[in-house]
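The structure file target37.txt is reproduced below (compact mmCIF, N, CA and C atoms).
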```txt
# COMPACT_ATOMS: atom_id res chain seq x y z
N MET A 270 19.75 -79.27 -99.74
CA MET A 270 18.44 -78.70 -99.99
C MET A 270 18.47 -77.23 -99.57
N ALA A 271 18.29 -76.34 -100.51
CA ALA A 271 18.33 -74.90 -100.23
C ALA A 271 16.93 -74.34 -100.11
N GLN A 272 16.81 -73.30 -99.31
CA GLN A 272 15.52 -72.64 -99.16
C GLN A 272 15.27 -71.75 -100.37
N VAL A 273 14.04 -71.78 -100.85
CA VAL A 273 13.63 -70.95 -101.98
C VAL A 273 12.72 -69.86 -101.42
N GLU A 274 12.87 -68.64 -101.93
CA GLU A 274 12.08 -67.52 -101.42
C GLU A 274 11.58 -66.66 -102.57
N ALA A 275 10.31 -66.26 -102.46
CA ALA A 275 9.70 -65.34 -103.44
C ALA A 275 9.02 -64.22 -102.66
N THR A 276 9.31 -62.97 -103.03
CA THR A 276 8.71 -61.81 -102.35
C THR A 276 8.13 -60.86 -103.38
N THR A 277 6.94 -60.35 -103.09
CA THR A 277 6.26 -59.38 -103.94
C THR A 277 5.63 -58.32 -103.05
N GLU A 278 5.60 -57.08 -103.50
CA GLU A 278 4.96 -56.03 -102.70
C GLU A 278 4.20 -55.07 -103.60
N ARG A 279 3.26 -54.35 -102.97
CA ARG A 279 2.44 -53.39 -103.72
C ARG A 279 1.95 -52.31 -102.76
N ILE A 280 1.91 -51.09 -103.26
CA ILE A 280 1.28 -49.98 -102.53
C ILE A 280 -0.19 -49.97 -102.94
N ILE A 281 -1.06 -49.93 -101.93
CA ILE A 281 -2.50 -49.97 -102.17
C ILE A 281 -3.13 -48.70 -101.61
N ALA A 282 -4.01 -48.09 -102.39
CA ALA A 282 -4.65 -46.83 -101.99
C ALA A 282 -5.84 -47.11 -101.07
N ALA A 283 -5.54 -47.70 -99.92
CA ALA A 283 -6.55 -47.98 -98.89
C ALA A 283 -5.81 -48.09 -97.56
N ASP A 284 -6.51 -47.81 -96.47
CA ASP A 284 -5.89 -47.90 -95.14
C ASP A 284 -5.38 -49.30 -94.87
N ALA A 285 -4.26 -49.38 -94.15
CA ALA A 285 -3.63 -50.66 -93.83
C ALA A 285 -4.60 -51.60 -93.11
N GLU A 286 -5.39 -51.06 -92.21
CA GLU A 286 -6.33 -51.90 -91.46
C GLU A 286 -7.37 -52.54 -92.40
N ALA A 287 -7.87 -51.76 -93.35
CA ALA A 287 -8.86 -52.28 -94.31
C ALA A 287 -8.25 -53.35 -95.20
N VAL A 288 -7.01 -53.13 -95.64
CA VAL A 288 -6.33 -54.09 -96.50
C VAL A 288 -6.07 -55.38 -95.73
N PHE A 289 -5.57 -55.25 -94.49
CA PHE A 289 -5.30 -56.43 -93.68
C PHE A 289 -6.59 -57.20 -93.40
N ASP A 290 -7.64 -56.50 -93.04
CA ASP A 290 -8.92 -57.16 -92.75
C ASP A 290 -9.43 -57.92 -93.97
N ALA A 291 -9.29 -57.35 -95.15
CA ALA A 291 -9.72 -58.02 -96.38
C ALA A 291 -8.88 -59.27 -96.62
N LEU A 292 -7.58 -59.15 -96.44
CA LEU A 292 -6.67 -60.27 -96.64
C LEU A 292 -6.96 -61.41 -95.67
N ALA A 293 -7.31 -61.07 -94.43
CA ALA A 293 -7.56 -62.06 -93.39
C ALA A 293 -8.98 -62.64 -93.46
N ASP A 294 -9.82 -62.09 -94.34
CA ASP A 294 -11.20 -62.56 -94.48
C ASP A 294 -11.24 -63.70 -95.50
N TYR A 295 -10.99 -64.90 -95.01
CA TYR A 295 -10.96 -66.07 -95.89
C TYR A 295 -12.37 -66.50 -96.32
N LYS A 296 -13.39 -66.11 -95.56
CA LYS A 296 -14.76 -66.50 -95.90
C LYS A 296 -15.28 -65.73 -97.10
N ASN A 297 -15.10 -64.40 -97.10
CA ASN A 297 -15.76 -63.56 -98.10
C ASN A 297 -14.85 -62.93 -99.14
N VAL A 298 -13.60 -62.61 -98.75
CA VAL A 298 -12.76 -61.83 -99.66
C VAL A 298 -11.66 -62.66 -100.33
N ARG A 299 -10.95 -63.47 -99.55
CA ARG A 299 -9.77 -64.13 -100.11
C ARG A 299 -10.08 -64.94 -101.36
N GLY A 300 -11.15 -65.70 -101.35
CA GLY A 300 -11.52 -66.48 -102.53
C GLY A 300 -11.76 -65.63 -103.76
N LYS A 301 -12.24 -64.39 -103.56
CA LYS A 301 -12.52 -63.49 -104.68
C LYS A 301 -11.24 -62.91 -105.28
N VAL A 302 -10.19 -62.73 -104.47
CA VAL A 302 -8.99 -62.06 -104.98
C VAL A 302 -7.93 -63.04 -105.48
N LEU A 303 -8.15 -64.34 -105.26
CA LEU A 303 -7.19 -65.33 -105.78
C LEU A 303 -7.21 -65.30 -107.31
N THR A 304 -6.09 -65.67 -107.89
CA THR A 304 -5.97 -65.69 -109.36
C THR A 304 -6.44 -67.04 -109.89
N GLY A 305 -6.44 -67.19 -111.20
CA GLY A 305 -6.81 -68.45 -111.84
C GLY A 305 -5.85 -69.59 -111.55
N HIS A 306 -4.73 -69.30 -110.91
CA HIS A 306 -3.77 -70.34 -110.55
C HIS A 306 -4.23 -71.16 -109.35
N PHE A 307 -5.25 -70.67 -108.66
CA PHE A 307 -5.77 -71.33 -107.46
C PHE A 307 -7.08 -72.04 -107.79
N SER A 308 -7.25 -73.24 -107.26
CA SER A 308 -8.51 -73.98 -107.45
C SER A 308 -8.85 -74.73 -106.17
N GLU A 309 -10.05 -75.29 -106.15
CA GLU A 309 -10.55 -76.09 -105.02
C GLU A 309 -10.44 -75.35 -103.68
N TYR A 310 -10.72 -74.04 -103.71
CA TYR A 310 -10.65 -73.20 -102.51
C TYR A 310 -11.73 -73.61 -101.52
N GLU A 311 -11.32 -73.81 -100.27
CA GLU A 311 -12.28 -74.22 -99.25
C GLU A 311 -11.78 -73.82 -97.86
N VAL A 312 -12.62 -73.09 -97.13
CA VAL A 312 -12.32 -72.78 -95.73
C VAL A 312 -12.78 -73.97 -94.91
N ARG A 313 -11.86 -74.58 -94.17
CA ARG A 313 -12.20 -75.78 -93.40
C ARG A 313 -12.45 -75.49 -91.92
N GLU A 314 -11.81 -74.44 -91.40
CA GLU A 314 -12.03 -74.03 -90.01
C GLU A 314 -11.91 -72.51 -89.95
N GLY A 315 -12.66 -71.89 -89.05
CA GLY A 315 -12.56 -70.44 -88.88
C GLY A 315 -13.00 -69.70 -90.12
N GLY A 316 -12.17 -68.79 -90.56
CA GLY A 316 -12.48 -68.01 -91.76
C GLY A 316 -12.07 -66.56 -91.64
N ASP A 317 -11.65 -66.16 -90.42
CA ASP A 317 -11.21 -64.78 -90.22
C ASP A 317 -9.89 -64.78 -89.46
N GLY A 318 -8.79 -64.73 -90.20
CA GLY A 318 -7.46 -64.62 -89.60
C GLY A 318 -7.05 -65.81 -88.75
N GLU A 319 -6.47 -65.51 -87.59
CA GLU A 319 -5.93 -66.50 -86.65
C GLU A 319 -6.89 -67.67 -86.46
N GLY A 320 -6.36 -68.88 -86.58
CA GLY A 320 -7.16 -70.08 -86.36
C GLY A 320 -7.84 -70.63 -87.61
N THR A 321 -7.74 -69.91 -88.71
CA THR A 321 -8.34 -70.38 -89.96
C THR A 321 -7.51 -71.53 -90.52
N VAL A 322 -8.19 -72.52 -91.08
CA VAL A 322 -7.55 -73.57 -91.86
C VAL A 322 -8.22 -73.52 -93.23
N VAL A 323 -7.42 -73.35 -94.26
CA VAL A 323 -7.95 -73.18 -95.61
C VAL A 323 -7.20 -74.11 -96.57
N HIS A 324 -7.93 -74.59 -97.57
CA HIS A 324 -7.34 -75.49 -98.56
C HIS A 324 -7.46 -74.86 -99.94
N TRP A 325 -6.42 -75.07 -100.76
CA TRP A 325 -6.50 -74.76 -102.18
C TRP A 325 -5.43 -75.53 -102.91
N LYS A 326 -5.58 -75.59 -104.21
CA LYS A 326 -4.53 -76.13 -105.06
C LYS A 326 -3.95 -74.96 -105.82
N LEU A 327 -2.63 -74.88 -105.84
CA LEU A 327 -1.92 -73.81 -106.54
C LEU A 327 -1.21 -74.42 -107.74
N GLN A 328 -1.62 -73.99 -108.93
CA GLN A 328 -0.99 -74.48 -110.16
C GLN A 328 -0.03 -73.41 -110.64
N ALA A 329 1.24 -73.59 -110.28
CA ALA A 329 2.27 -72.60 -110.62
C ALA A 329 2.67 -72.69 -112.08
N THR A 330 2.71 -73.90 -112.62
CA THR A 330 3.02 -74.11 -114.04
C THR A 330 2.06 -75.17 -114.57
N SER A 331 2.15 -75.46 -115.86
CA SER A 331 1.25 -76.47 -116.43
C SER A 331 1.49 -77.85 -115.81
N LYS A 332 2.70 -78.09 -115.30
CA LYS A 332 3.04 -79.40 -114.74
C LYS A 332 3.11 -79.42 -113.22
N ARG A 333 3.14 -78.26 -112.58
CA ARG A 333 3.38 -78.20 -111.13
C ARG A 333 2.13 -77.72 -110.40
N VAL A 334 1.48 -78.64 -109.67
CA VAL A 334 0.32 -78.30 -108.85
C VAL A 334 0.65 -78.67 -107.41
N ARG A 335 0.46 -77.72 -106.52
CA ARG A 335 0.75 -77.94 -105.10
C ARG A 335 -0.58 -77.95 -104.34
N ASP A 336 -0.84 -79.06 -103.63
CA ASP A 336 -2.04 -79.21 -102.81
C ASP A 336 -1.73 -78.62 -101.44
N CYS A 337 -2.37 -77.50 -101.09
CA CYS A 337 -2.04 -76.76 -99.87
C CYS A 337 -3.16 -76.85 -98.84
N LEU A 338 -2.79 -77.13 -97.61
CA LEU A 338 -3.70 -77.09 -96.47
C LEU A 338 -3.02 -76.18 -95.45
N LEU A 339 -3.52 -74.97 -95.32
CA LEU A 339 -2.82 -73.91 -94.61
C LEU A 339 -3.44 -73.58 -93.26
N GLU A 340 -2.59 -73.49 -92.26
CA GLU A 340 -2.99 -73.02 -90.93
C GLU A 340 -2.59 -71.56 -90.84
N VAL A 341 -3.51 -70.70 -90.41
CA VAL A 341 -3.27 -69.26 -90.37
C VAL A 341 -3.03 -68.79 -88.94
N THR A 342 -1.97 -68.00 -88.77
CA THR A 342 -1.70 -67.35 -87.48
C THR A 342 -1.48 -65.87 -87.73
N GLU A 343 -1.59 -65.09 -86.65
CA GLU A 343 -1.32 -63.65 -86.69
C GLU A 343 -0.32 -63.35 -85.59
N PRO A 344 0.97 -63.57 -85.83
CA PRO A 344 1.98 -63.39 -84.78
C PRO A 344 2.09 -61.96 -84.26
N THR A 345 1.89 -60.97 -85.13
CA THR A 345 1.92 -59.56 -84.72
C THR A 345 0.86 -58.80 -85.49
N ASP A 346 0.56 -57.58 -85.06
CA ASP A 346 -0.41 -56.75 -85.78
C ASP A 346 0.05 -56.54 -87.22
N GLY A 347 -0.87 -56.70 -88.14
CA GLY A 347 -0.55 -56.47 -89.55
C GLY A 347 0.19 -57.61 -90.21
N GLN A 348 0.32 -58.76 -89.52
CA GLN A 348 1.06 -59.89 -90.08
C GLN A 348 0.19 -61.13 -90.06
N LEU A 349 0.13 -61.80 -91.19
CA LEU A 349 -0.64 -63.02 -91.36
C LEU A 349 0.33 -64.09 -91.87
N VAL A 350 0.37 -65.25 -91.20
CA VAL A 350 1.28 -66.32 -91.62
C VAL A 350 0.47 -67.56 -91.96
N GLU A 351 0.71 -68.11 -93.15
CA GLU A 351 0.03 -69.31 -93.62
C GLU A 351 1.07 -70.43 -93.72
N LYS A 352 0.95 -71.45 -92.86
CA LYS A 352 1.87 -72.59 -92.87
C LYS A 352 1.16 -73.79 -93.49
N ASP A 353 1.79 -74.35 -94.52
CA ASP A 353 1.21 -75.48 -95.23
C ASP A 353 1.47 -76.77 -94.45
N ARG A 354 0.40 -77.48 -94.11
CA ARG A 354 0.54 -78.76 -93.40
C ARG A 354 1.11 -79.84 -94.31
N ASN A 355 1.03 -79.65 -95.64
CA ASN A 355 1.46 -80.67 -96.59
C ASN A 355 2.90 -80.50 -97.08
N SER A 356 3.57 -79.42 -96.67
CA SER A 356 4.93 -79.17 -97.16
C SER A 356 5.65 -78.21 -96.21
N SER A 357 6.84 -77.79 -96.61
CA SER A 357 7.61 -76.82 -95.82
C SER A 357 7.24 -75.38 -96.14
N MET A 358 6.27 -75.16 -97.03
CA MET A 358 5.95 -73.82 -97.50
C MET A 358 5.29 -72.96 -96.41
N VAL A 359 5.81 -71.74 -96.26
CA VAL A 359 5.27 -70.76 -95.33
C VAL A 359 5.14 -69.44 -96.07
N THR A 360 3.94 -68.86 -96.04
CA THR A 360 3.70 -67.57 -96.68
C THR A 360 3.38 -66.54 -95.60
N THR A 361 4.09 -65.42 -95.64
CA THR A 361 3.89 -64.34 -94.67
C THR A 361 3.42 -63.09 -95.40
N TRP A 362 2.30 -62.56 -94.93
CA TRP A 362 1.74 -61.32 -95.45
C TRP A 362 1.95 -60.24 -94.40
N ILE A 363 2.49 -59.10 -94.80
CA ILE A 363 2.67 -57.98 -93.88
C ILE A 363 2.06 -56.74 -94.52
N VAL A 364 1.15 -56.11 -93.78
CA VAL A 364 0.49 -54.89 -94.28
C VAL A 364 0.82 -53.76 -93.30
N THR A 365 1.42 -52.68 -93.83
CA THR A 365 1.81 -51.54 -93.01
C THR A 365 1.30 -50.25 -93.65
N PRO A 366 1.11 -49.20 -92.84
CA PRO A 366 0.72 -47.90 -93.39
C PRO A 366 1.81 -47.36 -94.31
N ALA A 367 1.40 -46.66 -95.36
CA ALA A 367 2.35 -46.07 -96.31
C ALA A 367 1.89 -44.67 -96.67
N GLY A 368 1.60 -43.87 -95.65
CA GLY A 368 1.08 -42.53 -95.89
C GLY A 368 -0.42 -42.53 -95.70
N GLU A 369 -1.00 -41.36 -95.75
CA GLU A 369 -2.43 -41.22 -95.48
C GLU A 369 -3.27 -41.95 -96.52
N GLY A 370 -4.11 -42.87 -96.04
CA GLY A 370 -5.00 -43.61 -96.92
C GLY A 370 -4.31 -44.59 -97.83
N ARG A 371 -3.06 -44.93 -97.51
CA ARG A 371 -2.30 -45.87 -98.34
C ARG A 371 -1.66 -46.92 -97.45
N SER A 372 -1.40 -48.07 -98.04
CA SER A 372 -0.73 -49.13 -97.31
C SER A 372 0.24 -49.87 -98.22
N LYS A 373 1.16 -50.56 -97.59
CA LYS A 373 2.11 -51.39 -98.32
C LYS A 373 1.84 -52.83 -97.93
N ALA A 374 1.56 -53.67 -98.92
CA ALA A 374 1.35 -55.10 -98.68
C ALA A 374 2.54 -55.86 -99.26
N VAL A 375 3.14 -56.69 -98.40
CA VAL A 375 4.30 -57.50 -98.81
C VAL A 375 3.97 -58.95 -98.55
N VAL A 376 4.19 -59.81 -99.54
CA VAL A 376 3.98 -61.25 -99.38
C VAL A 376 5.30 -61.96 -99.68
N THR A 377 5.70 -62.83 -98.75
CA THR A 377 6.93 -63.60 -98.90
C THR A 377 6.61 -65.08 -98.67
N THR A 378 7.00 -65.92 -99.61
CA THR A 378 6.82 -67.36 -99.47
C THR A 378 8.19 -68.01 -99.48
N VAL A 379 8.41 -68.91 -98.52
CA VAL A 379 9.65 -69.67 -98.45
C VAL A 379 9.32 -71.15 -98.35
N TRP A 380 10.19 -71.98 -98.91
CA TRP A 380 10.04 -73.42 -98.79
C TRP A 380 11.39 -74.08 -99.03
N ASP A 381 11.50 -75.33 -98.60
CA ASP A 381 12.72 -76.10 -98.83
C ASP A 381 12.70 -76.63 -100.25
N GLY A 382 13.65 -76.17 -101.05
CA GLY A 382 13.70 -76.57 -102.44
C GLY A 382 14.36 -77.92 -102.64
N ALA A 383 14.23 -78.42 -103.84
CA ALA A 383 14.84 -79.71 -104.21
C ALA A 383 16.35 -79.56 -104.33
N GLY A 384 17.04 -80.66 -104.32
CA GLY A 384 18.49 -80.66 -104.52
C GLY A 384 18.82 -80.88 -105.99
N GLY A 385 20.09 -80.88 -106.30
CA GLY A 385 20.55 -81.20 -107.65
C GLY A 385 20.13 -80.19 -108.70
N ILE A 386 20.10 -80.67 -109.94
CA ILE A 386 19.80 -79.80 -111.07
C ILE A 386 18.35 -79.31 -111.00
N GLY A 387 17.42 -80.17 -110.54
CA GLY A 387 16.03 -79.76 -110.38
C GLY A 387 15.91 -78.61 -109.40
N GLY A 388 16.70 -78.69 -108.31
CA GLY A 388 16.70 -77.62 -107.32
C GLY A 388 17.24 -76.33 -107.88
N PHE A 389 18.26 -76.43 -108.75
CA PHE A 389 18.81 -75.23 -109.39
C PHE A 389 17.72 -74.52 -110.19
N PHE A 390 16.98 -75.29 -111.01
CA PHE A 390 15.93 -74.68 -111.81
C PHE A 390 14.80 -74.14 -110.94
N GLU A 391 14.48 -74.85 -109.85
CA GLU A 391 13.44 -74.37 -108.93
C GLU A 391 13.85 -73.04 -108.31
N ARG A 392 15.08 -72.94 -107.83
CA ARG A 392 15.55 -71.70 -107.20
C ARG A 392 15.65 -70.56 -108.22
N THR A 393 15.90 -70.90 -109.47
CA THR A 393 16.04 -69.90 -110.52
C THR A 393 14.70 -69.38 -111.01
N PHE A 394 13.74 -70.28 -111.24
CA PHE A 394 12.50 -69.89 -111.92
C PHE A 394 11.28 -69.79 -111.02
N ALA A 395 11.19 -70.58 -109.97
CA ALA A 395 9.99 -70.59 -109.12
C ALA A 395 9.71 -69.22 -108.48
N PRO A 396 10.73 -68.53 -107.95
CA PRO A 396 10.43 -67.22 -107.35
C PRO A 396 9.83 -66.23 -108.34
N LYS A 397 10.29 -66.25 -109.58
CA LYS A 397 9.75 -65.32 -110.58
C LYS A 397 8.30 -65.67 -110.92
N GLY A 398 8.02 -66.96 -111.08
CA GLY A 398 6.66 -67.39 -111.39
C GLY A 398 5.70 -67.11 -110.26
N LEU A 399 6.12 -67.42 -109.04
CA LEU A 399 5.27 -67.16 -107.88
C LEU A 399 5.09 -65.66 -107.68
N GLY A 400 6.14 -64.89 -107.97
CA GLY A 400 6.06 -63.43 -107.88
C GLY A 400 4.99 -62.88 -108.81
N ARG A 401 4.90 -63.42 -110.02
CA ARG A 401 3.87 -62.97 -110.98
C ARG A 401 2.47 -63.31 -110.46
N ILE A 402 2.33 -64.51 -109.88
CA ILE A 402 1.02 -64.92 -109.34
C ILE A 402 0.62 -63.98 -108.20
N TYR A 403 1.55 -63.71 -107.28
CA TYR A 403 1.23 -62.85 -106.15
C TYR A 403 1.04 -61.40 -106.57
N ASP A 404 1.73 -60.96 -107.61
CA ASP A 404 1.52 -59.60 -108.11
C ASP A 404 0.08 -59.43 -108.59
N GLU A 405 -0.42 -60.44 -109.30
CA GLU A 405 -1.80 -60.41 -109.78
C GLU A 405 -2.77 -60.47 -108.60
N LEU A 406 -2.47 -61.29 -107.60
CA LEU A 406 -3.32 -61.39 -106.42
C LEU A 406 -3.37 -60.04 -105.68
N LEU A 407 -2.22 -59.39 -105.52
CA LEU A 407 -2.19 -58.08 -104.86
C LEU A 407 -2.93 -57.03 -105.67
N GLN A 408 -2.86 -57.14 -106.98
CA GLN A 408 -3.62 -56.23 -107.84
C GLN A 408 -5.12 -56.44 -107.60
N ASN A 409 -5.56 -57.70 -107.48
CA ASN A 409 -6.97 -58.00 -107.19
C ASN A 409 -7.35 -57.49 -105.80
N LEU A 410 -6.45 -57.64 -104.83
CA LEU A 410 -6.70 -57.14 -103.48
C LEU A 410 -6.85 -55.62 -103.49
N ALA A 411 -6.00 -54.96 -104.25
CA ALA A 411 -6.09 -53.50 -104.38
C ALA A 411 -7.44 -53.10 -104.98
N ALA A 412 -7.86 -53.78 -106.03
CA ALA A 412 -9.14 -53.46 -106.66
C ALA A 412 -10.29 -53.66 -105.68
N GLU A 413 -10.18 -54.67 -104.82
CA GLU A 413 -11.23 -54.97 -103.84
C GLU A 413 -11.27 -53.93 -102.73
N THR A 414 -10.11 -53.47 -102.28
CA THR A 414 -10.06 -52.57 -101.12
C THR A 414 -10.08 -51.09 -101.48
N GLU A 415 -9.78 -50.74 -102.72
CA GLU A 415 -9.76 -49.33 -103.13
C GLU A 415 -11.13 -48.85 -103.55
N LYS A 416 -12.16 -49.68 -103.40
CA LYS A 416 -13.52 -49.33 -103.82
C LYS A 416 -14.05 -48.14 -103.04
```

I'd like the structure from this file rewritten - as structure tokens, please.
Amino acid sequence: MAQVEATTERIIAADAEAVFDALADYKNVRGKVLTGHFSEYEVREGGDGEGTVVHWKLQATSKRVRDCLLEVTEPTDGQLVEKDRNSSMVTTWIVTPAGEGRSKAVVTTVWDGAGGIGGFFERTFAPKGLGRIYDELLQNLAAETEK
């Protein structure tokens, strides 16, 4: 079983603190910036960064739907980690300054992939598909924070 990883990044024309705060705001902002691939969004505990528990379903393909129940931590400044209680999936968001009034947002998701031929296809195609989903999400985050 090999680990699968997908990483996407974007420069956003807003201060890193504002971008991070928007990303960590599961009550008011996160639901608005999610793409159509996400459904059944629900904040179950907290709602602002560390200590939040949030649920959603992620439909990566027409046949693949992942039921996610995520625990949120903030291990360091500018870093948000979402660990799925239902699987090995861990998503890490890192927001850093990228010049005056600009920030760099990087999202990386890792999980234990399947073995065999199914695992080969998962390692080959899943990172690209998830990358497209997160690129759209970061574009929505940029539109929300660049106002």

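Minimum atom-to-atom distances from A:Met358, A:Ile402, A:Val364, A:Leu407 to Asp346 (chain A) were compared using only N, CA and C atoms, and the lowest value belongs to A:Val364.
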
Exercise. Measuring atom to atom with only C-alpha atoms, identify which of A:Phe289, A:Gly388, A:Pro344, A:Arg401 is nearest to Ser372 (chain A).
Key: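 Counting only C-alpha atoms, the residue closest to Ser372 (chain A) is A:Phe289.
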
Listed atoms of region 393-412 of chain A boxed along x, y and z, 8 Å each side, centre and edge lengths in Å, one decimal, as JSON:
```
{"center_x": 2.9, "center_y": -62.0, "center_z": -107.7, "size_x": 42.3, "size_y": 33.8, "size_z": 24.4}
```

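The coordinates place CA of Ala285 (chain A) at 27.1 Å from atom C of Lys326 (chain A).
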
Quiz item: Rounded to one decimal in Å, what is the spacing between atom C of Thr393 (chain A) and atom C of Ile280 (chain A)?
Solution: 25.8 Å

All residues 10 Å or closer to Gly398 (chain A), only C-alpha atoms, same chain fewer than 6 positions away omitted, as an mmCIF file with N, CA and C atoms, in the frame of the given file:
```cif
data_model
loop_
_atom_site.group_PDB
_atom_site.id
_atom_site.type_symbol
_atom_site.label_atom_id
_atom_site.label_comp_id
_atom_site.auth_asym_id
_atom_site.auth_seq_id
_atom_site.Cartn_x
_atom_site.Cartn_y
_atom_site.Cartn_z
ATOM 1 N N ALA A 275 10.310 -66.260 -102.460
ATOM 2 C CA ALA A 275 9.700 -65.340 -103.440
ATOM 3 C C ALA A 275 9.020 -64.220 -102.660
ATOM 4 N N ALA A 329 1.240 -73.590 -110.280
ATOM 5 C CA ALA A 329 2.270 -72.600 -110.620
ATOM 6 C C ALA A 329 2.670 -72.690 -112.080
ATOM 7 N N THR A 330 2.710 -73.900 -112.620
ATOM 8 C CA THR A 330 3.020 -74.110 -114.040
ATOM 9 C C THR A 330 2.060 -75.170 -114.570
ATOM 10 N N ASP A 404 1.730 -60.960 -107.610
ATOM 11 C CA ASP A 404 1.520 -59.600 -108.110
ATOM 12 C C ASP A 404 0.080 -59.430 -108.590
#
```

Practice problem: Could you check which of A:Ala282, A:Val302, A:Val273, A:Ile386 is closest to Leu410 (chain A), using only N, CA and C atoms? | Solution: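 Counting only N, CA and C atoms, the residue closest to Leu410 (chain A) is A:Val302.
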
Exercise. Go through A:Glu340, A:Glu413, A:Asp381, A:Asp294 one by one, measure the shortest atom-to-atom distance of each to Glu274 (chain A) using only N, CA and C atoms, and give the residue with the smallest value.
Key: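 Among the listed residues, A:Asp381 lies closest to Glu274 (chain A).
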